[in-house]
Amino acid sequence: MFRTALRNVLAHKARLLMTVLAVMLGVAFVSGTLIYSDTLHNAFRQQSSKGLANVAVGVTDHGSRSDAAEKRPGLSQAQLDKIAALPGADTATGVVSGFAGAADRDGKLIAQGWSNRGGNFFPGEDGQDRRYTFTGGHGPAGPGEIALDRGTADKGGYKVGDKVRVATNRPVKEYTLSGVFTSDQGDVNAGGSLVLFDTRTAQELFLKPGYFESATVTGKPGADQEAMQEAIIPLVSKDATVQTGRQLAADEERNLAESTKTLTQILLGFAGIALFVGVFLISNTFTMLVAQRTKELALMRAVGASRKQITRSILAEAGIVGLIASVIGFALGLGMAAGLSPLMDAMEAQLPSGPLIVGATPVLASLAVGVLITMFAAWLPARRAAKIPPVAAMSSVHATPSVKSLVVRNVIGALVTGAGAATVVGGAALGKDTGRMLIGGGAFLALIGVIILIPLLSRPVIALVRPLLDGVFKVSGKLAGLNSVRNPRRTGATASALAIGLTLVTGLTVLGVTMGRAIDKQTTDVVKADYMVTMANQSSMDKSVIEALAGAKGVTASSPQQFASLEGSDDSFLNAVGVTPGDVERVLNLKVVEGSLSGLARGEIAIDEKAAASKGYRVGQTLDMAFEDGTKTKLTIGGIYGSNEFVSGAMIDTGILSRHTPEPLFYSAYVAMDGGPTAANEQSLVDSLGKNPAIVVMDSNDIRNQFGGIVNQMLNIMYGLLAMALIIAVLGVVNTLAMSVFERQQEIGMLRAIGLARSKVKTMIRLEAVVISVFGAVVGVVLGTFLAWAIGQTVKDQITGYSLVVPWDRIGIFLLLAAVVGVLAAMWPARSAARLNMLSAIKAE
Amino acid sequence: MTTFPHATHRTTTVAARATELSKVYGHGETQVVALDRVSVEFRQGEFTAIMGPSGSGKSTLMHCVAGLDSFSSGSVRIGDTELGTLKDKQLTQLRRDKIGFIFQAFNLLPTLNALENITLPMDIAGRKPDQAWLDKVIEMVGLSGRLKHRPSELSGGQQQRVAVARALASRPEIMFGDEPTGNLDSRSGAEVLGFLRNSVRELGQTVVMVTHDPTAASYADRVIFLADGRVVDEMLHPTADGVLDRMKDFDTKGRTS
């Protein structure tokens with residue numbers, strides 16, 4: 001039986017081509033993902049083990065900022081000295097770090113916003129910091145000196161001795177480049193930028209003189225890590241974390257596994273979708289192969305093969321095809337993984353590099369997935385093959401496999417779809433996390449249901465466009481319309497593949513655009529300011545920036561958006577946003593619902609509608625609250641304002657809030673200017689900030705683009721990942737059309753004989769493809785929009801100004817693309833149909 | 001519309017003519033001459049049968065004259081049109097407008113009903129069918145009650161009757177049949193042949209039919225015998241027995257030579 005299967009595979013090479021391609025692509029995605037994540041994981045691990053080599057104990061102390069009595073920002077110099085003096089300790093290196101970015105000669109940051117790091121140079125007794133290897137010059141020795149990693153220095157064109165402008169959260173300052181270094185340390189090794197200051201300067205910039213956020217301790221030869229850990233614990237504060245090098249390595253390993261796991265899971269999810277789509281294509285192919293071989297299979301039954309043997313032979317055939325496709329797919333995946341690293345580097349993704357790791361898991365997983373998926377998809381056709389009666393071998397008529405009624409299928413499909421849709425609607429009504437879970441399950445059910453129902457749907461839906469086809473394309477259109485519903489199961493399976501892809505694409509698009517529009521609306525509704533100012537790395541700005549803005553030439557009003565929280569007497573927390581009283585109303589559009597905001601200047605607070613409603617606060621009420629530094633206070637509610645995403649929770653004078661916050665967080669500030677947004681005004685702001693390259697000044701368009709950009713970028717990534725599923729769906733359309741043309745050779749030959757021109761034959765096949773593709777796309781678009789609506793219902797309470805936006809333009813593009821996909825998929829089948837030799841086509845039995 | 005011009009004026013105008021027609025497959029050693037300088041005329045309003053043993057070139061002759069196949073040398077004319085110089089597109093148009101076809105099998109589109117199948121050539125051409133003519137044709141082949149049926153709901157004989165009606169519907173200059181009764185039982189076959197003869201006698205059509213069945217050939221006005229790619233004989237007003245005798249003659253000749 002196996003030999004028969006092998007012969008059959010060889011005999012139907014062309015027929016199986018699309019199946020092989022589909023499985024191959026899916027497997028390539030799976031193996032590529034697995035190999036890449038192994039490679040990445042390995043690179044991370046190597047990097048962290050390099051960084052942690054020699055480390056006996058690591059101490060991290062985030063300080064106790066809310067502890068007003070002690071005010072201890074971290075590990076003190078005294079504590080570090082005690083640790084260094086321990087008998088087992090060789091060196092103890094104190095670490096402080098934060099945001100610092102070197103600017104190039106044009107005043108722009110050299111590295112991307114968030115990859116700009118600053119740290120301290122901590123020389124040991126020999127004058128060296130073992131974390132860094134200097135390739136030129138020496139470590140920074142005073143407040144005016146810095147060292148740069150080699151990559152950053154090269155990019156900026158800086159040499160030792162040059163003056164370099166460095167931006168931090170403080171005003172920008174010029175330093176002398178004392179040295180250039182390389183490092184095994186994580187960020188630098190991965191291509192990030194690192195500015196080293198001398199320890200005191202770094203402490204001033206990032207923490208507090210005399211304090212470190214962490215320390216790494218190396219042991220003398222033979223020193224026991226655990227013993228040192230025991231010895232250190234009593235020397236540091238209770239809040240500090242003391243871990244041995246081994247524990248640190250294990251922790252880091254775990255973190256890495258977590259971080260690569262998410263990426264791997266997402267990619268595997270998309271690979272799964274691609275393979276799921278492939279199932280339809282494979283199933284279609286085997287159904288057709290079985291139909292073509294009806295006589296042959298009947299003959300085998302007639303000469304004594306059992307049903308089981310027939311089933312097994314078809315499955316073996318599928319297994320062989322799956323295996324071949326998997327092997328090719330694996331090789332392709334290997335190439336993909338190898339190509340991903342340079343790609344990520346080109347995108348400045350800051351990932352460490354390392355050798356390609358090919359473990360046993362990706363190999364086995366790829367082969368198993370490819371073979372099993374193919375066999376699974378061929379299972380139904382194989383069972384159908386086994387049901388062919390032996391007598392079919394004798395009958396002279398063109399034996400077509402009995403077309404079973406679709407009634408049972410339709411009933412099941414309707415039930416499953418109904419159950420799925422009901423669950424989705426129920427979930428939407430319920431809202432929250434439970435609702436979303438229900439929607440997830442319901443969506444899956446509904447998708448399966450629609451796939452079962454799709455053959456039934458094909459007739460009425462396609463019937464709708466038939467008049468159009470008849471009218472515009474005459475005979476070709478009419479025949480194409482009829483042909484596309486001729487084999488509803490096959491049309492259904494082909495359309496399903498596209499429908500799945502389009503459901504996801506549409507769902508994500510509708511959600512993304514809806515969210516984007518809501519945020520955009522918020523921005524345009526609320527932000528009255530001419531400019532918004534933030535840090536390039538999205539971190540907090542220094543207080544001096546806020547002050548500089550207020551004093552800049554042409555500024556008529558300015559307010560920071562300072563985030564903090566207030567602790568109520570009942571241990572509940574209230575988000576509070578520190579603003580400049582008075583000015584805030586000129587930079588943000590705030591709707592006062594009750595009371596007024598004038599009391600802010602007198603130390604009153606204002607509450608947003610949502611918070612007021614949920615906590616039952618009233619105007620005039622006095623609240624017992626505690627600031628972050630622990631100071632207790634009484635706050636009177638002066639007004640209630642409309643909820644928005646910019647000032648959510650409560651509003652309070654930033655002056656009061658800053659006094660009681662050890663480390664105020666100013667993520668953004670809003671500025672209104674005399675004369676509105678003009679180039680001169682923007683320049684005035686930039687100048688007032690000392691031309692700090694780390695600070696971004698955005699006008700209202702930039703603000704909108706920033707938020708819209710994130711949505712678009714995410715959508716584009718999703719589109720990219722879903723493209724694989726769509727490519728397989730297109731292969732499915734090609735496959736189906738090739739089958740149709742092959743099966744209808746005689747018909748096409750006859751049509752040509754009675755006068756249908758080649759071009760019209762082509763048109764006919766193309767239209768059939770377009771009809772099937774667009775049908776699948778329409779089903780997907782409808783389902784996707786429905787699911788997006790449902791998910792939107794569960795989040796609408798959390799997003800102010802939420803209203804479902806159906807992006808007709810994008811949906812139009814999807815449908816148009818589906819039509820283009822149809823035309824492209826039909827290219828080869830249409831050509832071969834038009835080229836059919838009329839005579840042999842008519843005569844072929 | 002009770003009389004038809006062709007039926008009233010029986011002329012000897014030629015509907016199709018092949019002159020010195022040759023068709024050669026392959027080259028050198030493997031060269032096969034399917035048609036060897038065949039010259040033959042098909043007169044308007046005449047029912048001609050082409051007969052001959054397997055491999056005699058009878059189907060090839062019909063295919064070449066009907067514009068379905070290309071030929072190596074010589075000339076073929078349908079009416080005034082020389083086929084040799086036509087491009088595929090023009091040939092397709094010629095087949096659509098001037099020629100009707102009936103094949104042995106796979107004649108009808110399963111997705112269209114009987115009437116739609118009959119009017120298909122006009123649909124392709126984008127023309128309205130001549131309703132009076134169409135009614136006449138449908139009535140002749142006796143399909144009036146089954147026009148809405150799909151081919152799968154019709155018997156083999158009925159399907160072939162639809163095919164005859166389709167070939168006639170566009171009122172072609174000439175109709176070709178390639179073993180039109182080959183897949184039918186004898187009664188249905190006789191019916192179809194009767195319709196073909198009627199279409200010549202009553203409707204003034206011109207019919208050329210390839211067959212290997214002497215009984216089928218006996219319905220024709222004239223039988224042309226082909227052997228080894230050449231016209232070897234012709235018989236007017238044939239009878240089944242006469243044709244059979246002639247065929248037997250070829251067989252023995254074929255065996256002895």
# chains A, B, ... in the order shown; residues from 1 in each chain; ligands from 1
>>> select_by_dssp(residues="segment 52-240 of chain B", states="alpha helix (DSSP H)", output="tab-separated table (two decimals) with N, CA and C atoms, in the first residue's frame")
chain	number	residue	atom	x	y	z
B	58	LYS	N	-11.06	10.92	-41.49
B	58	LYS	CA	-12.38	11.53	-41.64
B	58	LYS	C	-12.64	12.62	-40.59
B	59	SER	N	-12.21	12.33	-39.34
B	59	SER	CA	-12.41	13.35	-38.30
B	59	SER	C	-11.52	14.55	-38.54
B	60	THR	N	-10.27	14.27	-38.96
B	60	THR	CA	-9.33	15.36	-39.23
B	60	THR	C	-9.88	16.27	-40.32
B	61	LEU	N	-10.46	15.65	-41.36
B	61	LEU	CA	-11.02	16.45	-42.46
B	61	LEU	C	-12.10	17.38	-41.92
B	62	MET	N	-12.99	16.80	-41.11
B	62	MET	CA	-14.07	17.63	-40.59
B	62	MET	C	-13.53	18.75	-39.71
B	63	HIS	N	-12.56	18.42	-38.85
B	63	HIS	CA	-12.00	19.42	-37.94
B	63	HIS	C	-11.36	20.56	-38.71
B	64	CYS	N	-10.67	20.19	-39.82
B	64	CYS	CA	-10.00	21.23	-40.60
B	64	CYS	C	-11.02	22.11	-41.31
B	65	VAL	N	-12.03	21.49	-41.89
B	65	VAL	CA	-13.03	22.26	-42.63
B	65	VAL	C	-13.84	23.14	-41.67
B	88	ASP	N	-6.56	33.06	-34.88
B	88	ASP	CA	-7.42	32.32	-33.95
B	88	ASP	C	-8.69	33.09	-33.62
B	89	LYS	N	-8.53	34.41	-33.43
B	89	LYS	CA	-9.66	35.21	-33.03
B	89	LYS	C	-10.74	35.21	-34.12
B	90	GLN	N	-10.29	35.36	-35.38
B	90	GLN	CA	-11.25	35.41	-36.49
B	90	GLN	C	-11.89	34.03	-36.70
B	91	LEU	N	-11.06	32.98	-36.51
B	91	LEU	CA	-11.60	31.62	-36.64
B	91	LEU	C	-12.68	31.39	-35.60
B	92	THR	N	-12.40	31.85	-34.37
B	92	THR	CA	-13.38	31.69	-33.30
B	92	THR	C	-14.69	32.37	-33.67
B	93	GLN	N	-14.55	33.58	-34.22
B	93	GLN	CA	-15.74	34.33	-34.61
B	93	GLN	C	-16.51	33.62	-35.72
B	94	LEU	N	-15.74	33.06	-36.65
B	94	LEU	CA	-16.35	32.34	-37.77
B	94	LEU	C	-17.15	31.15	-37.25
B	95	ARG	N	-16.51	30.40	-36.31
B	95	ARG	CA	-17.20	29.24	-35.76
B	95	ARG	C	-18.47	29.67	-35.06
B	96	ARG	N	-18.35	30.81	-34.36
B	96	ARG	CA	-19.48	31.29	-33.57
B	96	ARG	C	-20.64	31.68	-34.48
B	97	ASP	N	-20.32	32.37	-35.58
B	97	ASP	CA	-21.38	32.98	-36.39
B	97	ASP	C	-21.87	32.10	-37.53
B	98	LYS	N	-20.98	31.26	-38.07
B	98	LYS	CA	-21.36	30.58	-39.30
B	98	LYS	C	-21.44	29.07	-39.20
B	114	ALA	N	-31.77	23.75	-20.51
B	114	ALA	CA	-31.80	23.39	-21.93
B	114	ALA	C	-31.88	24.62	-22.83
B	115	LEU	N	-32.78	25.53	-22.50
B	115	LEU	CA	-32.95	26.71	-23.36
B	115	LEU	C	-31.67	27.55	-23.38
B	116	GLU	N	-31.06	27.72	-22.18
B	116	GLU	CA	-29.83	28.52	-22.11
B	116	GLU	C	-28.71	27.88	-22.92
B	117	ASN	N	-28.69	26.54	-22.91
B	117	ASN	CA	-27.70	25.83	-23.71
B	117	ASN	C	-27.94	26.07	-25.20
B	118	ILE	N	-29.21	26.06	-25.57
B	118	ILE	CA	-29.54	26.23	-26.99
B	118	ILE	C	-29.14	27.63	-27.46
B	120	LEU	N	-26.83	29.50	-26.23
B	120	LEU	CA	-25.47	29.85	-25.82
B	120	LEU	C	-24.63	30.52	-26.93
B	121	PRO	N	-24.65	30.00	-28.18
B	121	PRO	CA	-23.83	30.65	-29.21
B	121	PRO	C	-24.25	32.11	-29.43
B	122	MET	N	-25.53	32.39	-29.35
B	122	MET	CA	-25.98	33.77	-29.52
B	122	MET	C	-25.58	34.62	-28.30
B	123	ASP	N	-25.63	33.99	-27.12
B	123	ASP	CA	-25.19	34.68	-25.91
B	123	ASP	C	-23.73	35.07	-26.06
B	124	ILE	N	-22.95	34.12	-26.56
B	124	ILE	CA	-21.52	34.39	-26.73
B	124	ILE	C	-21.33	35.55	-27.70
B	125	ALA	N	-22.12	35.56	-28.75
B	125	ALA	CA	-21.97	36.60	-29.75
B	125	ALA	C	-22.61	37.91	-29.28
B	131	GLN	N	-36.54	34.77	-32.58
B	131	GLN	CA	-37.49	34.00	-31.78
B	131	GLN	C	-38.29	33.00	-32.62
B	132	ALA	N	-38.73	33.43	-33.81
B	132	ALA	CA	-39.56	32.56	-34.65
B	132	ALA	C	-38.78	31.32	-35.06
B	133	TRP	N	-37.54	31.55	-35.45
B	133	TRP	CA	-36.67	30.44	-35.86
B	133	TRP	C	-36.41	29.51	-34.68
B	134	LEU	N	-36.14	30.13	-33.54
B	134	LEU	CA	-35.85	29.36	-32.34
B	134	LEU	C	-37.03	28.46	-31.99
B	135	ASP	N	-38.25	29.03	-32.03
B	135	ASP	CA	-39.45	28.25	-31.72
B	135	ASP	C	-39.57	27.08	-32.66
B	136	LYS	N	-39.30	27.35	-33.92
B	136	LYS	CA	-39.41	26.33	-34.96
B	136	LYS	C	-38.44	25.18	-34.65
B	137	VAL	N	-37.19	25.56	-34.35
B	137	VAL	CA	-36.16	24.55	-34.07
B	137	VAL	C	-36.54	23.73	-32.85
B	138	ILE	N	-36.97	24.43	-31.79
B	138	ILE	CA	-37.31	23.72	-30.55
B	138	ILE	C	-38.48	22.77	-30.77
B	139	GLU	N	-39.42	23.25	-31.55
B	139	GLU	CA	-40.58	22.42	-31.83
B	139	GLU	C	-40.15	21.18	-32.62
B	140	MET	N	-39.26	21.39	-33.58
B	140	MET	CA	-38.81	20.27	-34.41
B	140	MET	C	-38.15	19.19	-33.57
B	141	VAL	N	-37.28	19.61	-32.64
B	141	VAL	CA	-36.59	18.59	-31.85
B	141	VAL	C	-37.43	18.14	-30.65
B	156	GLY	N	-29.88	10.84	-22.37
B	156	GLY	CA	-28.82	11.05	-23.35
B	156	GLY	C	-29.36	11.54	-24.68
B	157	GLY	N	-30.49	10.92	-25.12
B	157	GLY	CA	-31.09	11.32	-26.39
B	157	GLY	C	-31.59	12.75	-26.34
B	158	GLN	N	-32.21	13.07	-25.21
B	158	GLN	CA	-32.72	14.44	-25.07
B	158	GLN	C	-31.58	15.44	-25.06
B	159	GLN	N	-30.48	15.06	-24.39
B	159	GLN	CA	-29.32	15.97	-24.35
B	159	GLN	C	-28.81	16.23	-25.76
B	160	GLN	N	-28.76	15.16	-26.57
B	160	GLN	CA	-28.23	15.34	-27.92
B	160	GLN	C	-29.21	16.16	-28.76
B	161	ARG	N	-30.51	16.04	-28.43
B	161	ARG	CA	-31.48	16.87	-29.15
B	161	ARG	C	-31.25	18.35	-28.82
B	162	VAL	N	-30.92	18.62	-27.55
B	162	VAL	CA	-30.60	20.00	-27.17
B	162	VAL	C	-29.40	20.47	-27.98
B	163	ALA	N	-28.41	19.56	-28.13
B	163	ALA	CA	-27.21	19.92	-28.87
B	163	ALA	C	-27.54	20.23	-30.33
B	164	VAL	N	-28.46	19.44	-30.92
B	164	VAL	CA	-28.86	19.69	-32.31
B	164	VAL	C	-29.54	21.06	-32.39
B	165	ALA	N	-30.42	21.31	-31.42
B	165	ALA	CA	-31.11	22.59	-31.42
B	165	ALA	C	-30.13	23.74	-31.28
B	166	ARG	N	-29.09	23.56	-30.43
B	166	ARG	CA	-28.11	24.61	-30.24
B	166	ARG	C	-27.36	24.89	-31.55
B	167	ALA	N	-27.00	23.79	-32.24
B	167	ALA	CA	-26.26	23.96	-33.48
B	167	ALA	C	-27.11	24.70	-34.52
B	168	LEU	N	-28.43	24.42	-34.48
B	168	LEU	CA	-29.33	25.03	-35.47
B	168	LEU	C	-29.72	26.46	-35.10
B	169	ALA	N	-29.71	26.73	-33.82
B	169	ALA	CA	-30.36	27.95	-33.32
B	169	ALA	C	-29.80	29.22	-33.92
B	186	SER	N	-29.89	2.99	-30.21
B	186	SER	CA	-30.26	3.10	-31.62
B	186	SER	C	-31.52	3.95	-31.82
B	187	ARG	N	-32.47	3.87	-30.86
B	187	ARG	CA	-33.69	4.65	-31.07
B	187	ARG	C	-33.42	6.14	-30.97
B	188	SER	N	-32.68	6.54	-29.93
B	188	SER	CA	-32.36	7.95	-29.78
B	188	SER	C	-31.51	8.42	-30.95
B	189	GLY	N	-30.60	7.53	-31.39
B	189	GLY	CA	-29.74	7.86	-32.52
B	189	GLY	C	-30.58	8.15	-33.76
B	190	ALA	N	-31.56	7.28	-33.99
B	190	ALA	CA	-32.42	7.45	-35.16
B	190	ALA	C	-33.16	8.78	-35.09
B	191	GLU	N	-33.62	9.13	-33.87
B	191	GLU	CA	-34.32	10.41	-33.70
B	191	GLU	C	-33.44	11.57	-34.09
B	192	VAL	N	-32.21	11.55	-33.55
B	192	VAL	CA	-31.30	12.66	-33.79
B	192	VAL	C	-30.99	12.77	-35.28
B	193	LEU	N	-30.76	11.60	-35.93
B	193	LEU	CA	-30.47	11.62	-37.37
B	193	LEU	C	-31.67	12.15	-38.14
B	194	GLY	N	-32.86	11.79	-37.66
B	194	GLY	CA	-34.07	12.30	-38.29
B	194	GLY	C	-34.12	13.82	-38.22
B	195	PHE	N	-33.74	14.35	-37.05
B	195	PHE	CA	-33.75	15.81	-36.92
B	195	PHE	C	-32.75	16.44	-37.86
B	196	LEU	N	-31.58	15.81	-37.96
B	196	LEU	CA	-30.57	16.37	-38.86
B	196	LEU	C	-31.10	16.40	-40.29
B	197	ARG	N	-31.74	15.27	-40.69
B	197	ARG	CA	-32.26	15.21	-42.05
B	197	ARG	C	-33.36	16.24	-42.24
B	198	ASN	N	-34.23	16.36	-41.22
B	198	ASN	CA	-35.31	17.35	-41.30
B	198	ASN	C	-34.77	18.76	-41.42
B	199	SER	N	-33.68	19.00	-40.69
B	199	SER	CA	-33.15	20.37	-40.73
B	199	SER	C	-32.64	20.69	-42.13
B	200	VAL	N	-32.24	19.66	-42.86
B	200	VAL	CA	-31.82	19.87	-44.24
B	200	VAL	C	-33.04	20.00	-45.15
B	201	ARG	N	-33.96	19.06	-45.00
B	201	ARG	CA	-35.12	19.03	-45.88
B	201	ARG	C	-36.06	20.20	-45.63
B	214	PRO	N	-22.95	2.68	-40.75
B	214	PRO	CA	-23.60	2.70	-42.08
B	214	PRO	C	-25.06	3.13	-41.99
B	215	THR	N	-25.75	2.75	-40.91
B	215	THR	CA	-27.16	3.14	-40.77
B	215	THR	C	-27.26	4.65	-40.66
B	216	ALA	N	-26.36	5.25	-39.86
B	216	ALA	CA	-26.37	6.71	-39.72
B	216	ALA	C	-26.10	7.35	-41.07
B	217	ALA	N	-25.14	6.78	-41.79
B	217	ALA	CA	-24.77	7.36	-43.08
B	217	ALA	C	-25.93	7.31	-44.06
B	240	ALA	N	-28.20	1.82	-46.11
B	240	ALA	CA	-27.33	1.24	-45.10
B	240	ALA	C	-26.56	0.05	-45.67
>>> select_by_dssp(residues="segment 11-209 of chain B", states="strand (DSSP E or B)", output="count of residues only")
49
>>> closest_residue(among="B:Leu226, B:Ile50, B:Ile99, B:Met247", to="chain A", atoms="only C-alpha atoms")
B:Ile99
>>> residues_around(residues="Val231 of chain B", least_positions_apart="5", cutoff="10 Å", atoms="only C-alpha atoms", output="list in words")
Leu35, Asp36, Arg37, Val38, Ser39, Val40, Ile50, Met51, Gly52, Ser56, Gly57, Lys58, Ile224, Phe225 and Leu226 of chain B
>>> write_last_selection(atoms="C-alpha atoms", output="compact mmCIF listing (two decimals), in the first residue's frame")
# COMPACT_ATOMS: atom_id res chain seq x y z
CA LEU B 35 -4.91 14.18 -45.08
CA ASP B 36 -3.29 13.87 -48.46
CA ARG B 37 -4.36 16.59 -50.93
CA VAL B 38 -8.07 16.15 -50.31
CA SER B 39 -10.44 18.15 -52.48
CA VAL B 40 -14.09 18.03 -51.55
CA ILE B 50 -18.04 11.29 -44.20
CA MET B 51 -17.14 7.67 -43.69
CA GLY B 52 -14.03 5.64 -43.49
CA SER B 56 -8.70 7.27 -42.50
CA GLY B 57 -8.61 10.99 -41.66
CA LYS B 58 -12.38 11.53 -41.64
CA ILE B 224 -17.91 10.50 -48.98
CA PHE B 225 -15.53 7.65 -48.29
CA LEU B 226 -12.06 8.37 -46.97
>>> interface_residues(of="chain A", to="chain B", cutoff="7 Å", atoms="only C-alpha atoms", output="list in words")
Val475, Leu482, Gln746, Glu747, Met750, Ala753, Ile754, Gly755, Leu756 and Ala757 of chain A
>>> write_last_selection(atoms="N, CA and C atoms", output="PDB file, in the first residue's frame")
ATOM      1  N   VAL A 475     -21.584  36.735 -21.386  1.00  0.00           N
ATOM      2  CA  VAL A 475     -21.487  35.280 -21.266  1.00  0.00           C
ATOM      3  C   VAL A 475     -20.402  34.845 -20.281  1.00  0.00           C
ATOM      4  N   LEU A 482     -22.068  31.013 -12.519  1.00  0.00           N
ATOM      5  CA  LEU A 482     -22.629  29.674 -12.370  1.00  0.00           C
ATOM      6  C   LEU A 482     -21.564  28.689 -11.912  1.00  0.00           C
ATOM      7  N   GLN A 746     -13.331  19.465 -21.105  1.00  0.00           N
ATOM      8  CA  GLN A 746     -14.229  19.213 -22.227  1.00  0.00           C
ATOM      9  C   GLN A 746     -15.155  20.391 -22.455  1.00  0.00           C
ATOM     10  N   GLU A 747     -15.664  20.880 -21.329  1.00  0.00           N
ATOM     11  CA  GLU A 747     -16.582  21.992 -21.418  1.00  0.00           C
ATOM     12  C   GLU A 747     -15.923  23.199 -22.064  1.00  0.00           C
ATOM     13  N   MET A 750     -15.439  22.636 -25.691  1.00  0.00           N
ATOM     14  CA  MET A 750     -16.697  22.795 -26.423  1.00  0.00           C
ATOM     15  C   MET A 750     -17.023  24.279 -26.585  1.00  0.00           C
ATOM     16  N   ALA A 753     -15.022  25.668 -29.218  1.00  0.00           N
ATOM     17  CA  ALA A 753     -15.454  25.193 -30.528  1.00  0.00           C
ATOM     18  C   ALA A 753     -16.676  25.965 -31.016  1.00  0.00           C
ATOM     19  N   ILE A 754     -17.610  26.238 -30.112  1.00  0.00           N
ATOM     20  CA  ILE A 754     -18.801  26.933 -30.590  1.00  0.00           C
ATOM     21  C   ILE A 754     -18.604  28.441 -30.579  1.00  0.00           C
ATOM     22  N   GLY A 755     -17.373  28.882 -30.365  1.00  0.00           N
ATOM     23  CA  GLY A 755     -17.097  30.282 -30.661  1.00  0.00           C
ATOM     24  C   GLY A 755     -16.775  31.191 -29.504  1.00  0.00           C
ATOM     25  N   LEU A 756     -16.423  30.648 -28.322  1.00  0.00           N
ATOM     26  CA  LEU A 756     -16.011  31.529 -27.231  1.00  0.00           C
ATOM     27  C   LEU A 756     -14.522  31.849 -27.419  1.00  0.00           C
ATOM     28  N   ALA A 757     -14.209  33.121 -27.535  1.00  0.00           N
ATOM     29  CA  ALA A 757     -12.824  33.534 -27.800  1.00  0.00           C
ATOM     30  C   ALA A 757     -11.937  33.210 -26.605  1.00  0.00           C
TER      31      ALA A 757
END
>>> decode(residues="segment 93-120 of chain B", atoms="C-alpha atoms", output="mmCIF file, in the first residue's frame")
data_model
loop_
_atom_site.group_PDB
_atom_site.id
_atom_site.type_symbol
_atom_site.label_atom_id
_atom_site.label_comp_id
_atom_site.auth_asym_id
_atom_site.auth_seq_id
_atom_site.Cartn_x
_atom_site.Cartn_y
_atom_site.Cartn_z
ATOM 1 C CA GLN B 93 -15.736 34.332 -34.614
ATOM 2 C CA LEU B 94 -16.349 32.337 -37.768
ATOM 3 C CA ARG B 95 -17.202 29.238 -35.758
ATOM 4 C CA ARG B 96 -19.476 31.289 -33.575
ATOM 5 C CA ASP B 97 -21.379 32.979 -36.389
ATOM 6 C CA LYS B 98 -21.361 30.585 -39.303
ATOM 7 C CA ILE B 99 -20.871 27.067 -38.016
ATOM 8 C CA GLY B 100 -22.906 24.788 -35.807
ATOM 9 C CA PHE B 101 -21.449 21.806 -33.937
ATOM 10 C CA ILE B 102 -22.731 18.578 -32.520
ATOM 11 C CA PHE B 103 -20.214 16.412 -30.665
ATOM 12 C CA GLN B 104 -20.289 12.823 -29.582
ATOM 13 C CA ALA B 105 -20.410 13.700 -25.899
ATOM 14 C CA PHE B 106 -19.908 16.454 -23.373
ATOM 15 C CA ASN B 107 -22.005 18.652 -25.449
ATOM 16 C CA LEU B 108 -23.821 20.745 -22.912
ATOM 17 C CA LEU B 109 -22.936 22.973 -20.019
ATOM 18 C CA PRO B 110 -24.329 21.314 -16.884
ATOM 19 C CA THR B 111 -24.881 24.672 -15.202
ATOM 20 C CA LEU B 112 -27.237 25.981 -17.867
ATOM 21 C CA ASN B 113 -30.755 24.742 -18.541
ATOM 22 C CA ALA B 114 -31.799 23.387 -21.928
ATOM 23 C CA LEU B 115 -32.950 26.708 -23.356
ATOM 24 C CA GLU B 116 -29.827 28.521 -22.113
ATOM 25 C CA ASN B 117 -27.699 25.833 -23.711
ATOM 26 C CA ILE B 118 -29.544 26.232 -26.985
ATOM 27 C CA THR B 119 -29.073 29.996 -27.085
ATOM 28 C CA LEU B 120 -25.467 29.847 -25.825
#
